[in-house]
file query.txt (compact mmCIF, C-alpha atoms)
# COMPACT_ATOMS: atom_id res chain seq x y z
CA MET L 1 158.64 77.36 127.68
CA VAL L 2 156.81 76.12 124.61
CA PRO L 3 154.34 73.89 126.52
CA SER L 4 153.54 76.85 128.78
CA LEU L 5 152.71 79.08 125.81
CA VAL L 6 150.51 76.36 124.31
CA LYS L 7 148.71 75.98 127.61
CA ASP L 8 148.11 79.76 127.89
CA SER L 9 146.74 79.93 124.35
CA LEU L 10 144.37 77.05 124.99
CA SER L 11 143.16 78.62 128.24
CA GLN L 12 141.82 81.67 126.43
CA LEU L 13 138.48 81.91 124.66
CA PRO L 14 138.02 83.77 121.42
CA ALA L 15 136.74 87.32 121.96
CA PRO L 16 133.16 88.27 121.03
CA GLN L 17 133.00 89.65 117.51
CA ASN L 18 131.33 92.75 116.05
CA PRO L 19 130.18 94.43 119.25
CA LYS L 20 127.93 97.41 118.50
CA ILE L 21 125.68 99.78 120.35
CA ARG L 22 122.19 100.44 119.05
CA LEU L 23 120.94 103.93 119.81
CA TYR L 24 117.45 104.29 118.33
CA ASN L 25 115.16 106.84 119.96
CA ALA L 26 115.47 106.01 123.65
CA GLU L 27 116.96 102.55 123.11
CA GLN L 28 120.48 101.71 124.33
CA VAL L 29 121.35 98.13 123.46
CA LEU L 30 124.83 96.58 123.27
CA SER L 31 125.02 93.41 121.16
CA TRP L 32 127.71 91.05 119.83
CA GLU L 33 128.15 87.75 118.04
CA PRO L 34 128.24 84.57 120.15
CA VAL L 35 131.50 82.78 120.91
CA SER L 36 131.86 79.13 119.89
CA PRO L 37 134.50 77.42 122.10
CA SER L 38 136.57 74.59 120.71
CA ASN L 39 136.01 72.54 123.86
CA GLY L 40 134.35 72.87 127.23
CA SER L 41 131.41 71.39 129.04
CA GLY L 42 129.49 74.43 130.23
CA PRO L 43 127.76 77.27 128.37
CA VAL L 44 129.62 80.43 127.45
CA VAL L 45 128.65 83.43 129.55
CA TYR L 46 129.42 87.10 129.03
CA GLN L 47 130.40 90.02 131.19
CA VAL L 48 129.89 93.69 130.37
CA GLN L 49 131.64 96.69 131.92
CA PHE L 50 131.27 100.42 131.41
CA LYS L 51 132.94 103.68 132.27
CA TYR L 52 132.34 107.36 131.74
CA THR L 53 134.96 109.45 130.03
CA THR L 54 135.33 111.42 133.23
CA SER L 55 136.54 108.25 134.99
CA THR L 56 139.44 105.88 134.40
CA LYS L 57 137.90 102.95 136.25
CA TRP L 58 135.80 100.27 134.60
CA SER L 59 132.67 99.18 136.49
CA ASN L 60 130.64 96.00 136.26
CA VAL L 61 127.06 96.25 134.98
CA ASN L 62 125.46 94.60 138.00
CA ASN L 63 122.31 96.61 138.79
CA ASP L 64 124.21 99.49 140.31
CA PRO L 65 123.73 102.27 139.44
CA GLU L 66 122.09 101.63 136.04
CA GLY L 67 119.61 99.01 137.22
CA VAL L 68 120.84 96.55 134.60
CA ASN L 69 122.54 93.20 135.26
CA CYS L 70 124.94 92.02 132.57
CA MET L 71 127.19 89.81 134.65
CA LYS L 72 127.59 86.19 133.55
CA ILE L 73 124.69 86.29 131.11
CA THR L 74 124.14 83.80 128.29
CA ALA L 75 122.37 86.33 126.05
CA THR L 76 124.40 88.13 123.41
CA GLU L 77 123.06 91.57 124.24
CA CYS L 78 122.81 93.96 127.16
CA ASN L 79 119.86 96.34 127.17
CA PHE L 80 120.39 99.66 128.96
CA THR L 81 117.13 101.24 127.75
CA LYS L 82 115.42 103.22 130.45
CA THR L 83 112.42 101.47 131.96
CA ASN L 84 110.58 101.50 135.26
CA ILE L 85 113.34 99.24 136.59
CA SER L 86 116.30 100.33 134.53
CA LYS L 87 117.68 103.86 134.70
CA GLY L 88 119.92 103.45 131.68
CA PHE L 89 122.84 105.75 130.94
CA PRO L 90 122.26 109.51 131.09
CA LEU L 91 121.56 110.63 127.54
CA HIS L 92 124.12 113.45 127.65
CA PHE L 93 126.98 111.37 129.17
CA ASN L 94 129.96 110.04 127.24
CA VAL L 95 129.93 106.28 127.81
CA SER L 96 132.32 103.51 126.84
CA LEU L 97 131.52 99.76 127.03
CA ARG L 98 133.46 96.53 126.80
CA VAL L 99 132.52 92.83 126.80
CA ARG L 100 134.27 89.47 127.18
CA ALA L 101 133.34 85.78 127.14
CA GLU L 102 133.83 83.29 129.99
CA LEU L 103 133.73 79.50 130.08
CA GLU L 104 134.56 77.87 133.38
CA GLU L 105 138.08 79.08 134.15
CA ARG L 106 138.73 80.36 130.69
CA VAL L 107 138.10 83.95 129.64
CA SER L 108 138.41 85.88 126.43
CA PRO L 109 140.10 89.20 125.87
CA TRP L 110 138.01 92.35 126.39
CA VAL L 111 136.47 93.93 123.31
CA THR L 112 135.83 97.64 123.68
CA VAL L 113 133.10 99.61 121.97
CA PRO L 114 134.00 103.20 121.02
CA TRP L 115 132.52 105.75 123.39
CA PHE L 116 129.15 107.22 122.53
CA GLN L 117 126.93 110.07 123.60
CA HIS L 118 123.24 109.36 123.14
CA TYR L 119 122.11 112.81 121.99
CA ARG L 120 125.07 113.03 119.62
CA ASN L 121 124.85 109.54 118.09
CA VAL L 122 121.18 108.60 118.34
CA THR L 123 119.12 107.57 115.33
CA ILE L 124 115.77 109.35 115.53
CA GLY L 125 112.66 107.67 114.26
CA PRO L 126 109.61 109.41 112.81
CA PRO L 127 107.09 111.18 115.04
CA GLU L 128 104.44 108.89 116.48
CA ASN L 129 100.63 108.97 116.61
CA ILE L 130 100.27 111.34 113.66
CA TRP L 131 96.66 112.49 113.28
CA VAL L 132 95.57 114.76 110.41
CA THR L 133 92.30 116.73 110.67
CA PRO L 134 90.96 118.62 107.61
CA GLY L 135 90.13 122.30 108.12
CA GLU L 136 88.75 125.14 105.99
CA GLY L 137 91.53 125.42 103.43
CA SER L 138 93.96 123.92 105.93
CA LEU L 139 95.20 120.75 107.58
CA ILE L 140 95.72 120.33 111.32
CA VAL L 141 98.49 117.86 112.21
CA ARG L 142 98.77 116.44 115.73
CA LEU L 143 101.63 114.16 116.73
CA SER L 144 103.75 112.77 119.54
CA PRO L 145 107.55 113.05 119.77
CA PRO L 146 109.68 110.02 118.80
CA PHE L 147 110.59 109.60 122.47
CA ASP L 148 110.26 111.49 125.72
CA ILE L 149 112.96 113.98 126.69
CA HIS L 150 113.50 115.19 130.25
CA ASP L 151 116.18 117.76 129.56
CA SER L 152 115.63 121.51 129.26
CA MET L 153 118.58 121.79 126.88
CA VAL L 154 117.13 119.36 124.34
CA VAL L 155 114.01 119.92 122.23
CA PHE L 156 112.35 118.48 119.16
CA GLN L 157 111.64 120.55 116.07
CA TYR L 158 109.25 119.37 113.38
CA TYR L 159 109.23 119.91 109.63
CA VAL L 160 106.24 119.07 107.46
CA HIS L 161 106.84 117.95 103.88
CA TYR L 162 103.55 118.33 102.03
CA TRP L 163 102.28 118.48 98.47
CA GLU L 164 99.07 118.59 96.54
CA LYS L 165 98.43 115.18 95.04
CA ALA L 166 100.55 114.89 91.89
CA GLY L 167 102.05 118.30 92.74
CA ILE L 168 105.38 119.77 93.87
CA GLN L 169 106.58 119.05 97.39
CA GLN L 170 106.96 121.92 99.85
CA VAL L 171 108.42 122.11 103.35
CA LYS L 172 107.20 124.14 106.32
CA GLY L 173 108.94 124.47 109.65
CA PRO L 174 110.42 124.39 112.13
CA PHE L 175 107.48 123.91 114.49
CA MET L 176 108.11 123.62 118.21
CA THR L 177 104.68 122.29 119.24
CA ASN L 178 102.89 118.99 118.78
CA SER L 179 99.98 120.67 116.99
CA ILE L 180 100.76 122.05 113.53
CA VAL L 181 98.42 123.99 111.23
CA LEU L 182 99.10 124.14 107.50
CA ASN L 183 97.29 127.24 106.22
CA ALA L 184 96.72 128.77 102.79
CA LEU L 185 95.83 125.47 101.16
CA LYS L 186 93.39 125.15 98.30
CA PRO L 187 89.92 124.11 99.45
CA LEU L 188 88.51 120.73 98.50
CA ARG L 189 91.91 119.43 97.38
CA VAL L 190 93.77 116.28 98.42
CA TYR L 191 97.11 116.93 100.11
CA CYS L 192 99.69 114.38 101.21
CA LEU L 193 102.29 114.96 103.91
CA ARG L 194 105.16 113.47 105.88
CA VAL L 195 106.55 114.79 109.15
CA GLN L 196 110.20 114.80 110.22
CA ALA L 197 111.53 115.39 113.73
CA TRP L 198 114.87 117.04 114.42
CA LEU L 199 116.56 116.74 117.81
CA LEU L 200 118.19 120.01 118.84
CA TRP L 201 120.75 119.99 121.65
CA THR L 202 121.20 123.66 122.35
CA LYS L 203 124.28 123.70 124.61
CA PRO L 204 126.78 122.14 122.18
CA ASN L 205 124.59 123.26 119.26
CA ILE L 206 124.04 119.75 117.91
CA SER L 207 121.07 118.78 115.74
CA ARG L 208 120.10 115.31 114.59
CA PRO L 209 117.60 114.74 111.74
CA GLY L 210 115.05 111.99 112.15
CA HIS L 211 113.32 109.67 109.74
CA LEU L 212 110.29 110.82 107.78
CA SER L 213 106.91 109.46 108.76
CA ASN L 214 104.68 107.44 106.48
CA ILE L 215 102.70 109.34 103.88
CA SER L 216 99.28 110.53 105.04
CA CYS L 217 96.73 112.08 102.63
CA SER L 218 93.64 114.14 103.49
CA LYS L 219 91.18 116.38 101.67
CA THR L 220 90.79 119.98 102.79
CA MET L 221 87.37 121.42 103.54
CA GLU L 222 85.72 124.32 101.77
CA ASP L 223 86.43 127.78 103.18
CA ALA L 224 84.06 130.76 103.57
CA SER L 225 84.70 132.14 100.07
CA THR L 226 84.06 128.75 98.50
CA LYS L 227 80.80 128.41 100.44
CA LEU L 228 79.70 131.87 99.24
CA GLN L 229 80.55 130.97 95.66
CA GLN L 230 78.55 127.77 95.96
CA VAL L 231 75.54 129.65 97.36
CA ILE L 232 75.70 132.16 94.51
CA LEU L 233 76.04 129.43 91.90
CA ILE L 234 73.14 127.46 93.37
CA ALA L 235 70.93 130.58 93.45
CA MET L 236 71.81 131.48 89.86
CA GLY L 237 71.28 127.92 88.73
CA THR L 238 67.88 127.78 90.44
CA PHE L 239 66.83 131.10 88.90
CA LEU L 240 67.90 130.03 85.41
CA LEU L 241 66.14 126.71 85.82
CA LEU L 242 62.88 128.40 86.88
CA LEU L 243 63.23 130.88 84.00
CA ALA L 244 63.75 128.06 81.52
CA MET L 245 60.75 126.16 82.90
CA ALA L 246 58.56 129.27 82.67
CA GLY L 247 59.67 129.86 79.09
CA ALA L 248 58.99 126.25 78.18
CA CYS L 249 55.52 126.42 79.72
CA LEU L 250 54.69 129.63 77.83
CA PHE L 251 55.90 128.11 74.58
CA MET L 252 53.76 125.02 75.09
CA VAL L 253 50.69 127.11 75.93
CA LEU L 254 51.09 129.23 72.79
CA LYS L 255 51.77 126.25 70.58
CA TYR L 256 48.93 124.09 71.87
CA ARG L 257 46.48 126.85 72.75
CA GLY L 258 43.46 125.08 71.26
CA LEU L 259 44.22 121.87 73.03
CA VAL L 260 44.74 123.70 76.33
CA LYS L 261 41.44 125.53 75.88
CA TYR L 262 39.73 122.23 75.21
CA TRP L 263 41.28 120.70 78.35
CA PHE L 264 40.26 123.56 80.61
CA GLN L 265 36.69 124.27 79.34
CA SER L 266 33.87 123.19 81.64
CA PRO L 267 32.05 119.98 80.64
CA PRO L 268 28.44 120.24 79.39
CA SER L 269 25.89 120.30 82.21
CA ILE L 270 22.76 118.16 82.46
CA PRO L 271 19.45 120.10 82.31
CA VAL L 272 17.79 120.60 85.65
CA GLN L 273 14.65 118.68 84.62
CA ILE L 274 16.63 115.60 83.59
CA GLU L 275 18.72 115.83 86.75
CA GLU L 276 15.49 115.95 88.83
CA TYR L 277 14.08 113.05 86.86
CA LEU L 278 17.22 111.02 87.50
CA LYS L 279 16.80 111.73 91.19
CA ASP L 280 13.03 110.90 91.09
CA PRO L 281 12.12 108.68 88.11
CA ALA L 282 8.42 108.71 89.12
CA GLN L 283 8.13 112.34 88.09
CA PRO L 284 6.36 112.81 84.68
CA ILE L 285 9.21 114.19 82.73
CA LEU L 286 7.38 114.86 79.49
CA GLU L 287 4.69 117.02 81.14
CA VAL L 288 7.34 119.01 82.94
CA LEU L 289 9.27 119.51 79.75
CA ASP L 290 6.12 120.50 77.81
CA LYS L 291 5.13 122.84 80.60
CA ASP L 292 8.44 124.51 80.79
CA SER L 293 9.00 124.51 77.07
CA SER L 294 5.56 126.00 76.13
CA PRO L 295 6.07 129.59 75.03
CA LYS L 296 4.44 132.29 77.08
CA GLU L 297 1.63 134.20 75.45
CA GLU L 298 2.67 137.62 74.45
CA ALA L 299 0.31 140.52 75.21
CA CYS L 300 -0.36 142.20 71.88
CA ASP L 301 -3.22 143.71 69.95
CA SER L 302 -4.48 142.36 66.62
CA VAL L 303 -4.38 144.69 63.67
CA SER L 304 -6.56 144.19 60.62
CA VAL L 305 -5.88 145.92 57.33
CA VAL L 306 -8.87 146.46 55.05
CA LEU L 307 -8.51 147.83 51.55
CA PHE L 308 -11.20 150.02 49.99
CA PRO L 309 -11.60 151.89 46.75
CA GLU L 310 -10.06 155.37 46.61
CA LYS L 311 -13.26 157.30 47.24
CA GLU L 312 -14.41 155.16 50.00
CA GLU L 313 -10.88 154.96 51.41
CA GLU L 314 -10.87 158.52 52.69
CA GLY L 315 -14.26 158.17 54.37
CA VAL L 316 -13.39 154.91 55.97
CA LEU L 317 -10.07 156.28 56.99
CA GLN L 318 -11.63 159.29 58.64
CA SER L 319 -14.26 157.22 60.43
CA THR L 320 -11.63 154.82 61.61
CA LEU L 321 -9.44 157.63 62.87
CA LYS L 322 -12.41 159.17 64.65
CA GLU L 323 -13.26 155.90 66.30
CA SER L 324 -9.69 155.52 67.43
CA ILE L 325 -9.71 159.00 68.96
CA ASP L 326 -12.94 158.27 70.69
CA LEU L 327 -11.53 155.12 72.12
CA VAL L 328 -8.53 156.98 73.43
CA HIS L 329 -10.54 159.73 75.07
CA GLU L 330 -13.29 157.52 76.36
CA PRO L 331 -11.65 156.34 79.57
CA ALA L 332 -10.66 159.87 80.53
CA GLY L 333 -14.16 161.04 80.05
CA ARG L 334 -15.58 158.24 82.13
CA GLY L 335 -13.18 159.03 84.82
CA LEU L 336 -14.31 162.64 84.94
CA SER L 337 -17.97 161.68 85.05
call {"tool": "encode", "arguments": {"input": "query.txt", "output": "structure tokens"}}
result
Amino acid sequence: MVPSLVKDSLSQLPAPQNPKIRLYNAEQVLSWEPVSPSNGSGPVVYQVQFKYTTSTKWSNVNNDPEGVNCMKITATECNFTKTNISKGFPLHFNVSLRVRAELEERVSPWVTVPWFQHYRNVTIGPPENIWVTPGEGSLIVRLSPPFDIHDSMVVFQYYVHYWEKAGIQQVKGPFMTNSIVLNALKPLRVYCLRVQAWLLWTKPNISRPGHLSNISCSKTMEDASTKLQQVILIAMGTFLLLLAMAGACLFMVLKYRGLVKYWFQSPPSIPVQIEEYLKDPAQPILEVLDKDSSPKEEACDSVSVVLFPEKEEEGVLQSTLKESIDLVHEPAGRGLS
């Protein structure tokens, strides 16, 4: 009996160690540690089986119905993630897996992985393709879900953790769409944000929080009130500047009035005769100047004053007066004759 027991123990391989299922977003990957046989000529291969909790029968993973082949594989993992070729396990099914090692005629015991349900046990990553667009006192956040869901009972909700730079963090949500608008933000301020997705399975009322996205910072744009304030400030600043310039100019004019008058008086003009001479040097300039500068003869009568003694003065005075009267009346008389 003893040799038989020794033979049975030697015919078995050690079981794969630390089997675990990775459920990250849409990934479904079973992995384990490799088996190192004590002897044997061929490589160790592995076999994977599955079953749903609604069934008592284990089935081989051999392309039917999951589209995955994990029969006699040398790799230490079996990937059930849905692809164009692989269907994967339904995300709402309860699934149990087991794996064993094989080497020629020797096999290891089965190692079973506890059952799992993807929507219940999945680890959700951050939203993808996050794009932040600044608005007028707002930020517009566009994103993609962590993975695609084709189930009307399962949805993603999004929460936005945001804060003004060096400020207190705030949270807004839940948002059910892939386009989120953060309103009532201060204009022309830098805000940073992170987005978190929550998976909500409505039928059993299960929710799974996801990882936060990387920090993204953007500066908001000015809103209508800020633009109006800027226009008013610019207008007031321009008016005050013009007023200050006008005052400075007036002060300078009053302070340097004589100098300004000197600057703006007309320069002395050249006399016309000299200007003509400069144009025609052959012209006799001195004769022209003498001719123009000679004073015009004034039409006037000469008056002579003659002094006489007192007695003779009256007679001479009367005769002179008489002669003057005669001279005055003489032309009129000649005209009448």
call {"tool": "closest_residue", "arguments": {"input": "query.txt", "among": "L:Phe156, L:Tyr52, L:Tyr162, L:Tyr46", "to": "L:Leu182", "atoms": "all atoms listed in the file"}}
result
L:Tyr162
call {"tool": "closest_residue", "arguments": {"input": "query.txt", "among": "L:Val190, L:Leu143, L:Gly237, L:Ile149", "to": "L:Phe175", "atoms": "only C-alpha atoms"}}
result
L:Leu143
call {"tool": "residues_around", "arguments": {"input": "query.txt", "residues": "stretch 19-34 of chain L", "least_positions_apart": "3", "cutoff": "8 Å", "atoms": "all atoms listed in the file", "output": "PyMOL selection string"}}
result
chain L and resi 16+76-82+88+111-113+118+121-125+146-148
call {"tool": "atom_distance", "arguments": {"input": "query.txt", "atom1": "atom CA of L:Ala197", "atom2": "atom CA of L:Tyr158"}}
result
4.6 Å
call {"tool": "closest_residue", "arguments": {"input": "query.txt", "among": "L:Ser38, L:Asn129, L:Ser96, L:Ser138", "to": "L:Ala184", "atoms": "all atoms listed in the file"}}
result
L:Ser138
call {"tool": "atom_distance", "arguments": {"input": "query.txt", "atom1": "atom CA of L:Pro209", "atom2": "atom CA of L:Trp115"}}
result
21.0 Å
call {"tool": "atom_distance", "arguments": {"input": "query.txt", "atom1": "atom CA of L:Glu222", "atom2": "atom CA of L:Gly137"}}
result
6.1 Å
